[in-house]
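Student: Take this structure first; my questions come after.
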Amino acid sequence: MAYSEKVIDHYTHPRNVGTLDKSSTKVGTGLVGAPECGDVMRLQIEVDENHMITDAKFKTFGCGSAIASSSLATEWLKGKSIDDAMKIDNMDIVEELALPPVKIHCSVLAEDAIKAAINDYRVKNGMEALESAKSHH
Amino acid sequence: MNLPIYLDNNATTPMDPRVLEAMLPYFNAKFGNAASRNHAFGWAAEEGVDYAREQVAKLIGANEKEIIFTSGATESDNLAIKGVFEMYKEKGNHIITCVTEHKAVLDACKHVEKMGGLVTYLPVKSDGLIDLAELEAAMTEKTILVAIMYGNNEIGVIQPVKEIAAIAHKHGALFMTDATQTVGKIPVDVNADGIDLMAFTAHKMYGPKGVGALYVRRKNPRVKVTAQMDGGGHERGMRSGTLNVPGIVGLGKACELCRLEMDEDAKRLSKLRDKLQASLTELEESYVNGNVEHRLPHVANISFKYVEGEGLMMAMKDLAVSSGSACTSASLEPSYVLKSLGLSDDLAHSSIRFGLGRFTTEEEVDFAIEQTKKAVNHLRDLSPLWEMFKEGIDLDKIEWAEH
């Protein structure tokens with residue numbers, strides 16, 4: 001199967017690989033997927049007092065599309081408010097990376113990781129968790 | 001050195017130029033139908049087929065009358081299993097095979113079950129070999145056939161065929177083996193090994209695609225299979241259809257070259273394979289799958305824990321290899337062969353099969369080692385699982401959200 005140039009670019013030069021301090025109250029962590037299914041994403045955000053995302057990091061175990069989806073997600077998250085970040089839809093990722101139908105689940109997983117990270121931050125800071133994950137397909 | 005490098009010789013092999021040369025006249029000058037008995041065109045084609053039949057028989061220690069030409073190993077497997085069942089079903093309806101067989105054998109057995117047959121699928125041990133005591137225990141008065149592969153296509157392990165044949169024969173059953181990966185790679189002798197039926201194909205031994213053979217024993221005992229295709233009664237009535245003369249000539253030439261060169265090839269390739277394997281298992285948390293002693297000389301199947309196979313293959317873009325993970329087919333199913341060794345799904349997803357061949361050079365192997373190491377390290381830097389492992393977190397204790 002041929003990958004799009006954008007997938008190859010993110011895969012070869014992944015943006016924002018790394019780890020934030022998950023014990024910090026400013027950091028939200030989302031860990032989604034399962035090793036048995038062949039993909040696990042961990043996405044982390046650092047949020048300031050105005051609920052703006054100042055930093056985002058990821059690590060992903062998975063195929064090229066899964067790595068590219070999470071790399072792209074970290075790029076999009078930086079500079080967004082957590083409310084705006086919650087609106088990122090998996091189909092935006094599919095479109096941007098030109099993912100084929102068999103790889104749509106990678107984008108769904110990235111969206112789940114974003115929502116899980118935001119919710120982790122919200123719960124840590126006394127807010128209620130918002131709409132839950134999209135996957136479980 | 002040309003890129004990409006081909007290390008998927010268990011999927012198929014490039015054709016040897018000497019095989020192509022032998023085939024060419026049979027596409028034009030000697031185009032005749034080998035069944036045309038009354039003119040020179042037919043005789044020339046028949047002569048080519050007869051010679052090829054001798055070349056094939058000689059490689060496996062058979063008589064040329066015991067070679068049935070087919071379209072490939074899948075057809076040979078089907079003809080052997082369904083053909084034996086139909087021929088001998090009055091005697092018994094039980095067949096024994098094993099879970100790591102190729103789909104051509106497993107699905108032919110499933111077909112037999114639909115026709116009223118009873119099939120036992122033996123498990124394998126963690127090294128990929130069957131347990132002979134379990135085979136012995138599974139034999140019944142109704143067992144007519146034991147079908148166990150010679151060398152496995154994914155992990156290369158070689159089953160103890162002589163012992164398996166002896167057990168089958170002791171209980172009055174026939175022994176059939178799918179030797180697609182084995183014939184032409186290591187010495188196979190149908191008499192010394194006690195084989196009654198054997199499937200193999202040209203394109204795994206540097207011959208053309210679309211042609212293979214089924215060995216069917218003629219003496220002690222005389223074995224017969226019911227034809228699966230109706231027609232002109234070619235191949236002693238067991239396989240109708242005009243013979244693929246150029247293909248058969250190519251199979252013959254490929255067999256002859258293997259007979260003359262396989263000892264040297266095997267020596268050279270096992271050295272290269274061992275080098276590849278030793279270098280790659282220097283990486284932390286990498287494991288060889290399958291028994292390493294009883295194994296084909298040119299195969300190594302290695303799992304790299306905490307990286308995913310498809311992502312890994314993408315990083316190894318200059319290497320043509322095969323992954324134990326079938327993610328690319330959208331099924332997300334890891335290899336059933338690796339799973340039957342007891343590998344967890346994540347390890348099965350993380351495995352790569354390296355298949356060397358006659359045209360593989362040491363320079364290519366060195367390049368493959370370097371690129372694989374780089375790819376594994378790159379992906380581990382990206383892998384949350386690797387980070388957790390390094391922190392001493394037990395991944396089995398985490399509650400993953402299965403999706």
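Residues are referred to by chain and number: the chain letter is A, B, ... according to the order shown in the structure tokens, the number counts from 1 in that chain, and ligands are numbered separately from 1 in the order shown.
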If we count only C-alpha atoms, what is near Tyr121 of chain A at a cut-off of 9 Å, once residues fewer than 4 positions away on the same chain are taken out, given as a PyMOL selection string?
Tutor: chain A and resi 25-29+45-47+116-117+125-127+129
Student: Within 12 Å of chain A, which residues of chain B show up when using only C-alpha atoms, listed as an mmCIF file with C-alpha atoms, in the first residue's frame?
Tutor:
data_model
loop_
_atom_site.group_PDB
_atom_site.id
_atom_site.type_symbol
_atom_site.label_atom_id
_atom_site.label_comp_id
_atom_site.auth_asym_id
_atom_site.auth_seq_id
_atom_site.Cartn_x
_atom_site.Cartn_y
_atom_site.Cartn_z
ATOM 1 C CA LYS B 305 9.207 -6.223 21.012
ATOM 2 C CA TYR B 306 7.507 -2.833 21.454
ATOM 3 C CA VAL B 307 7.579 -1.903 17.775
ATOM 4 C CA GLU B 308 4.774 -2.633 15.358
ATOM 5 C CA GLY B 309 5.466 -4.692 12.246
ATOM 6 C CA GLU B 310 3.822 -2.529 9.631
ATOM 7 C CA GLY B 311 5.434 0.634 10.974
ATOM 8 C CA LEU B 312 8.716 -1.242 11.022
ATOM 9 C CA MET B 313 8.412 -2.325 7.414
ATOM 10 C CA MET B 314 7.731 1.285 6.462
ATOM 11 C CA ALA B 315 11.019 2.281 8.072
ATOM 12 C CA MET B 316 12.780 -0.578 6.288
ATOM 13 C CA LYS B 317 11.741 0.899 2.979
ATOM 14 C CA SER B 323 5.619 -9.013 8.419
ATOM 15 C CA GLY B 324 3.865 -11.429 10.734
ATOM 16 C CA SER B 325 1.194 -8.820 11.046
ATOM 17 C CA ALA B 326 -1.440 -8.682 8.371
ATOM 18 C CA CYS B 327 -2.455 -5.095 9.145
ATOM 19 C CA THR B 328 -1.929 -4.201 5.511
ATOM 20 C CA SER B 329 -4.859 -6.395 4.578
ATOM 21 C CA ALA B 330 -7.020 -4.317 6.955
ATOM 22 C CA SER B 331 -7.846 -7.374 9.018
ATOM 23 C CA LEU B 332 -5.474 -6.404 11.853
ATOM 24 C CA GLU B 333 -4.996 -10.107 12.439
ATOM 25 C CA PRO B 334 -1.537 -11.212 13.463
ATOM 26 C CA LYS B 339 0.003 -17.198 17.436
ATOM 27 C CA LEU B 343 3.208 -15.681 20.894
ATOM 28 C CA SER B 344 1.036 -12.895 22.263
ATOM 29 C CA ASP B 345 -0.691 -10.688 19.711
ATOM 30 C CA ASP B 346 1.698 -7.818 20.287
ATOM 31 C CA LEU B 347 4.795 -9.955 19.660
ATOM 32 C CA ALA B 348 3.185 -11.499 16.604
ATOM 33 C CA HIS B 349 2.464 -7.982 15.330
ATOM 34 C CA SER B 350 6.139 -7.099 15.844
ATOM 35 C CA SER B 351 7.700 -9.819 13.740
ATOM 36 C CA ALA B 375 14.391 1.269 12.013
ATOM 37 C CA VAL B 376 13.862 -0.591 15.290
ATOM 38 C CA HIS B 378 13.775 4.896 15.503
ATOM 39 C CA LEU B 379 10.443 3.276 16.304
ATOM 40 C CA ARG B 380 11.384 2.499 19.868
ATOM 41 C CA ASP B 381 12.215 6.169 20.384
ATOM 42 C CA LEU B 382 8.619 6.820 19.326
ATOM 43 C CA SER B 383 7.063 3.948 21.236
ATOM 44 C CA PRO B 384 5.202 4.592 24.506
ATOM 45 C CA LEU B 385 5.433 0.866 25.224
ATOM 46 C CA TRP B 386 9.216 0.916 24.992
ATOM 47 C CA GLU B 387 9.297 3.878 27.402
ATOM 48 C CA MET B 388 7.037 2.053 29.861
ATOM 49 C CA LEU B 395 2.422 -3.801 30.366
ATOM 50 C CA ASP B 396 0.287 -6.835 31.089
ATOM 51 C CA ILE B 398 -2.397 -2.112 32.287
ATOM 52 C CA GLU B 399 -6.062 -2.180 31.356
ATOM 53 C CA TRP B 400 -5.988 -1.417 27.660
ATOM 54 C CA ALA B 401 -9.086 -0.170 25.881
ATOM 55 C CA GLU B 402 -9.487 -2.829 23.190
ATOM 56 C CA HIS B 403 -10.773 -1.219 20.047
#
Student: In Å, rounded to a single decimal, give me how far atom CA of Tyr215 of chain B is from atom CA of Met229 of chain B.
Tutor: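 A separation of 17.4 Å between them.
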Student: Run DSSP on the backbone and grab whatever in segment 150-180 of chain B lands in strand (DSSP E); send it over as a PyMOL selection string.
Tutor: chain B and resi 174-178
Student: Residues of the last selection are to be written out with N, CA and C atoms, as a PDB file, in the first residue's frame.
Tutor:
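The resulting file, result-v6.pdb, is reproduced below:
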ATOM      1  N   LEU B 174      -1.712 -43.060   4.949  1.00  0.00           N
ATOM      2  CA  LEU B 174      -0.741 -42.492   4.017  1.00  0.00           C
ATOM      3  C   LEU B 174      -0.150 -41.225   4.635  1.00  0.00           C
ATOM      4  N   PHE B 175       1.073 -40.882   4.189  1.00  0.00           N
ATOM      5  CA  PHE B 175       1.689 -39.645   4.659  1.00  0.00           C
ATOM      6  C   PHE B 175       1.883 -38.693   3.487  1.00  0.00           C
ATOM      7  N   MET B 176       1.283 -37.514   3.618  1.00  0.00           N
ATOM      8  CA  MET B 176       1.419 -36.474   2.593  1.00  0.00           C
ATOM      9  C   MET B 176       2.141 -35.284   3.212  1.00  0.00           C
ATOM     10  N   THR B 177       3.001 -34.636   2.440  1.00  0.00           N
ATOM     11  CA  THR B 177       3.674 -33.449   2.970  1.00  0.00           C
ATOM     12  C   THR B 177       3.692 -32.326   1.941  1.00  0.00           C
ATOM     13  N   ASP B 178       3.428 -31.114   2.447  1.00  0.00           N
ATOM     14  CA  ASP B 178       3.557 -29.916   1.622  1.00  0.00           C
ATOM     15  C   ASP B 178       5.007 -29.470   1.757  1.00  0.00           C
TER      16      ASP B 178
END
Student: Out of B:Thr182, B:Asn63, B:Asn152, B:Thr140, which residue has the shortest atom-to-atom distance to Arg217 of chain B when counting only C-alpha atoms?
Tutor: B:Asn63
Student: Mind pulling up the distance from atom CA of Ser71 of chain B to atom CA of Met238 of chain B?
Tutor: 13.1 Å
Student: Segment 212-322 of chain B: which residues are helix (DSSP H, G or I) by DSSP, as a PyMOL selection string?
Tutor: chain B and resi 235-237+245-280+309-315
Student: Would you mind exporting the chosen residues as a short mmCIF file (atom, residue, chain, number, x, y, z; two decimals), in the first residue's frame, restricted to N, CA and C atoms?
Tutor:
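Final file, result.cif:
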data_model
loop_
_atom_site.label_atom_id
_atom_site.label_comp_id
_atom_site.auth_asym_id
_atom_site.auth_seq_id
_atom_site.Cartn_x
_atom_site.Cartn_y
_atom_site.Cartn_z
N GLU B 235 -1.77 -36.96 -17.34
CA GLU B 235 -1.06 -37.26 -16.09
C GLU B 235 -1.64 -38.51 -15.40
N ARG B 236 -1.68 -39.58 -16.14
CA ARG B 236 -2.19 -40.87 -15.64
C ARG B 236 -3.59 -40.75 -15.07
N GLY B 237 -4.37 -39.86 -15.67
CA GLY B 237 -5.77 -39.72 -15.27
C GLY B 237 -5.98 -38.93 -14.00
N VAL B 245 3.82 -26.79 -21.20
CA VAL B 245 5.14 -27.31 -21.57
C VAL B 245 6.30 -26.37 -21.18
N PRO B 246 6.24 -25.06 -21.53
CA PRO B 246 7.37 -24.20 -21.12
C PRO B 246 7.54 -24.19 -19.61
N GLY B 247 6.45 -24.14 -18.88
CA GLY B 247 6.51 -24.12 -17.41
C GLY B 247 7.13 -25.39 -16.87
N ILE B 248 6.70 -26.51 -17.43
CA ILE B 248 7.22 -27.81 -16.97
C ILE B 248 8.71 -27.93 -17.26
N VAL B 249 9.11 -27.46 -18.45
CA VAL B 249 10.54 -27.47 -18.79
C VAL B 249 11.31 -26.61 -17.79
N GLY B 250 10.71 -25.47 -17.42
CA GLY B 250 11.34 -24.57 -16.44
C GLY B 250 11.44 -25.22 -15.07
N LEU B 251 10.38 -25.90 -14.65
CA LEU B 251 10.41 -26.62 -13.36
C LEU B 251 11.52 -27.66 -13.38
N GLY B 252 11.63 -28.38 -14.50
CA GLY B 252 12.67 -29.42 -14.63
C GLY B 252 14.06 -28.82 -14.49
N LYS B 253 14.28 -27.73 -15.21
CA LYS B 253 15.61 -27.10 -15.17
C LYS B 253 15.90 -26.57 -13.76
N ALA B 254 14.88 -25.97 -13.14
CA ALA B 254 15.06 -25.44 -11.77
C ALA B 254 15.44 -26.57 -10.82
N CYS B 255 14.79 -27.72 -10.97
CA CYS B 255 15.10 -28.87 -10.11
C CYS B 255 16.52 -29.35 -10.33
N GLU B 256 16.94 -29.38 -11.60
CA GLU B 256 18.29 -29.84 -11.89
C GLU B 256 19.33 -28.92 -11.26
N LEU B 257 19.10 -27.60 -11.39
CA LEU B 257 20.05 -26.64 -10.80
C LEU B 257 20.08 -26.79 -9.28
N CYS B 258 18.92 -26.99 -8.68
CA CYS B 258 18.88 -27.16 -7.22
C CYS B 258 19.64 -28.42 -6.81
N ARG B 259 19.43 -29.49 -7.58
CA ARG B 259 20.11 -30.75 -7.24
C ARG B 259 21.63 -30.55 -7.25
N LEU B 260 22.12 -29.78 -8.24
CA LEU B 260 23.55 -29.60 -8.37
C LEU B 260 24.11 -28.56 -7.42
N GLU B 261 23.28 -27.57 -7.05
CA GLU B 261 23.83 -26.42 -6.34
C GLU B 261 23.31 -26.21 -4.93
N MET B 262 22.30 -27.00 -4.50
CA MET B 262 21.67 -26.64 -3.23
C MET B 262 22.58 -26.81 -2.02
N ASP B 263 23.50 -27.76 -2.08
CA ASP B 263 24.39 -27.93 -0.93
C ASP B 263 25.23 -26.67 -0.72
N GLU B 264 25.79 -26.17 -1.81
CA GLU B 264 26.60 -24.95 -1.74
C GLU B 264 25.74 -23.77 -1.31
N ASP B 265 24.57 -23.64 -1.97
CA ASP B 265 23.65 -22.54 -1.64
C ASP B 265 23.29 -22.57 -0.17
N ALA B 266 22.96 -23.76 0.33
CA ALA B 266 22.49 -23.88 1.71
C ALA B 266 23.60 -23.50 2.69
N LYS B 267 24.82 -23.91 2.37
CA LYS B 267 25.96 -23.60 3.23
C LYS B 267 26.16 -22.08 3.31
N ARG B 268 26.15 -21.46 2.12
CA ARG B 268 26.39 -20.02 2.04
C ARG B 268 25.25 -19.24 2.71
N LEU B 269 24.01 -19.66 2.42
CA LEU B 269 22.86 -18.92 2.94
C LEU B 269 22.70 -19.07 4.45
N SER B 270 23.02 -20.26 4.96
CA SER B 270 22.84 -20.41 6.41
C SER B 270 23.87 -19.56 7.14
N LYS B 271 25.04 -19.39 6.55
CA LYS B 271 26.05 -18.51 7.15
C LYS B 271 25.53 -17.06 7.17
N LEU B 272 25.00 -16.63 6.03
CA LEU B 272 24.48 -15.26 5.94
C LEU B 272 23.30 -15.06 6.89
N ARG B 273 22.41 -16.08 6.92
CA ARG B 273 21.24 -16.00 7.79
C ARG B 273 21.68 -15.91 9.26
N ASP B 274 22.67 -16.72 9.62
CA ASP B 274 23.14 -16.70 11.01
C ASP B 274 23.75 -15.35 11.36
N LYS B 275 24.44 -14.77 10.40
CA LYS B 275 25.03 -13.45 10.63
C LYS B 275 23.93 -12.41 10.87
N LEU B 276 22.92 -12.45 10.00
CA LEU B 276 21.78 -11.54 10.12
C LEU B 276 21.11 -11.70 11.48
N GLN B 277 20.87 -12.94 11.82
CA GLN B 277 20.16 -13.25 13.06
C GLN B 277 20.99 -12.83 14.29
N ALA B 278 22.28 -13.12 14.26
CA ALA B 278 23.13 -12.77 15.40
C ALA B 278 23.18 -11.26 15.58
N SER B 279 23.27 -10.53 14.48
CA SER B 279 23.36 -9.07 14.58
C SER B 279 22.05 -8.48 15.08
N LEU B 280 20.94 -8.99 14.58
CA LEU B 280 19.66 -8.39 14.95
C LEU B 280 19.22 -8.77 16.36
N GLY B 309 4.91 -4.15 13.48
CA GLY B 309 5.47 -4.69 12.25
C GLY B 309 5.28 -3.84 11.01
N GLU B 310 4.08 -3.30 10.85
CA GLU B 310 3.82 -2.53 9.63
C GLU B 310 4.61 -1.22 9.65
N GLY B 311 4.64 -0.58 10.82
CA GLY B 311 5.43 0.63 10.97
C GLY B 311 6.91 0.33 10.73
N LEU B 312 7.32 -0.83 11.19
CA LEU B 312 8.72 -1.24 11.02
C LEU B 312 9.06 -1.44 9.54
N MET B 313 8.15 -2.10 8.84
CA MET B 313 8.41 -2.33 7.41
C MET B 313 8.48 -1.02 6.65
N MET B 314 7.71 -0.02 7.13
CA MET B 314 7.73 1.28 6.46
C MET B 314 9.10 1.94 6.65
N ALA B 315 9.70 1.72 7.82
CA ALA B 315 11.02 2.28 8.07
C ALA B 315 12.10 1.50 7.32
#
Student: Would you mind listing what lies within 6 Å of segment 92-102 of chain B as a count of residues only, with only C-alpha atoms counted and same-chain residues fewer than 6 positions away left out?
Tutor: 15
Student: Go through B:Ile60, B:Val321, B:Ile5, B:Val299 one by one, measure the shortest atom-to-atom distance of each to Asp193 of chain B using only C-alpha atoms, and give the residue with the smallest value.
Tutor: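 Among the listed residues, the smallest separation from Asp193 of chain B belongs to B:Ile60.
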Student: Between A:Lys124, A:Lys57, A:His51, A:Lys115, which has the minimum distance to Asn16 of chain A (counting only C-alpha atoms)?
Tutor: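 Between A:Lys124, A:Lys57, A:His51, A:Lys115, the residue approaching Asn16 of chain A most closely is A:Lys57.
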Student: Atom CA of Ile81 of chain B to atom CA of Arg353 of chain B: how many Å, to one decimal?
Tutor: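 Distance between the two atoms: 28.1 Å.
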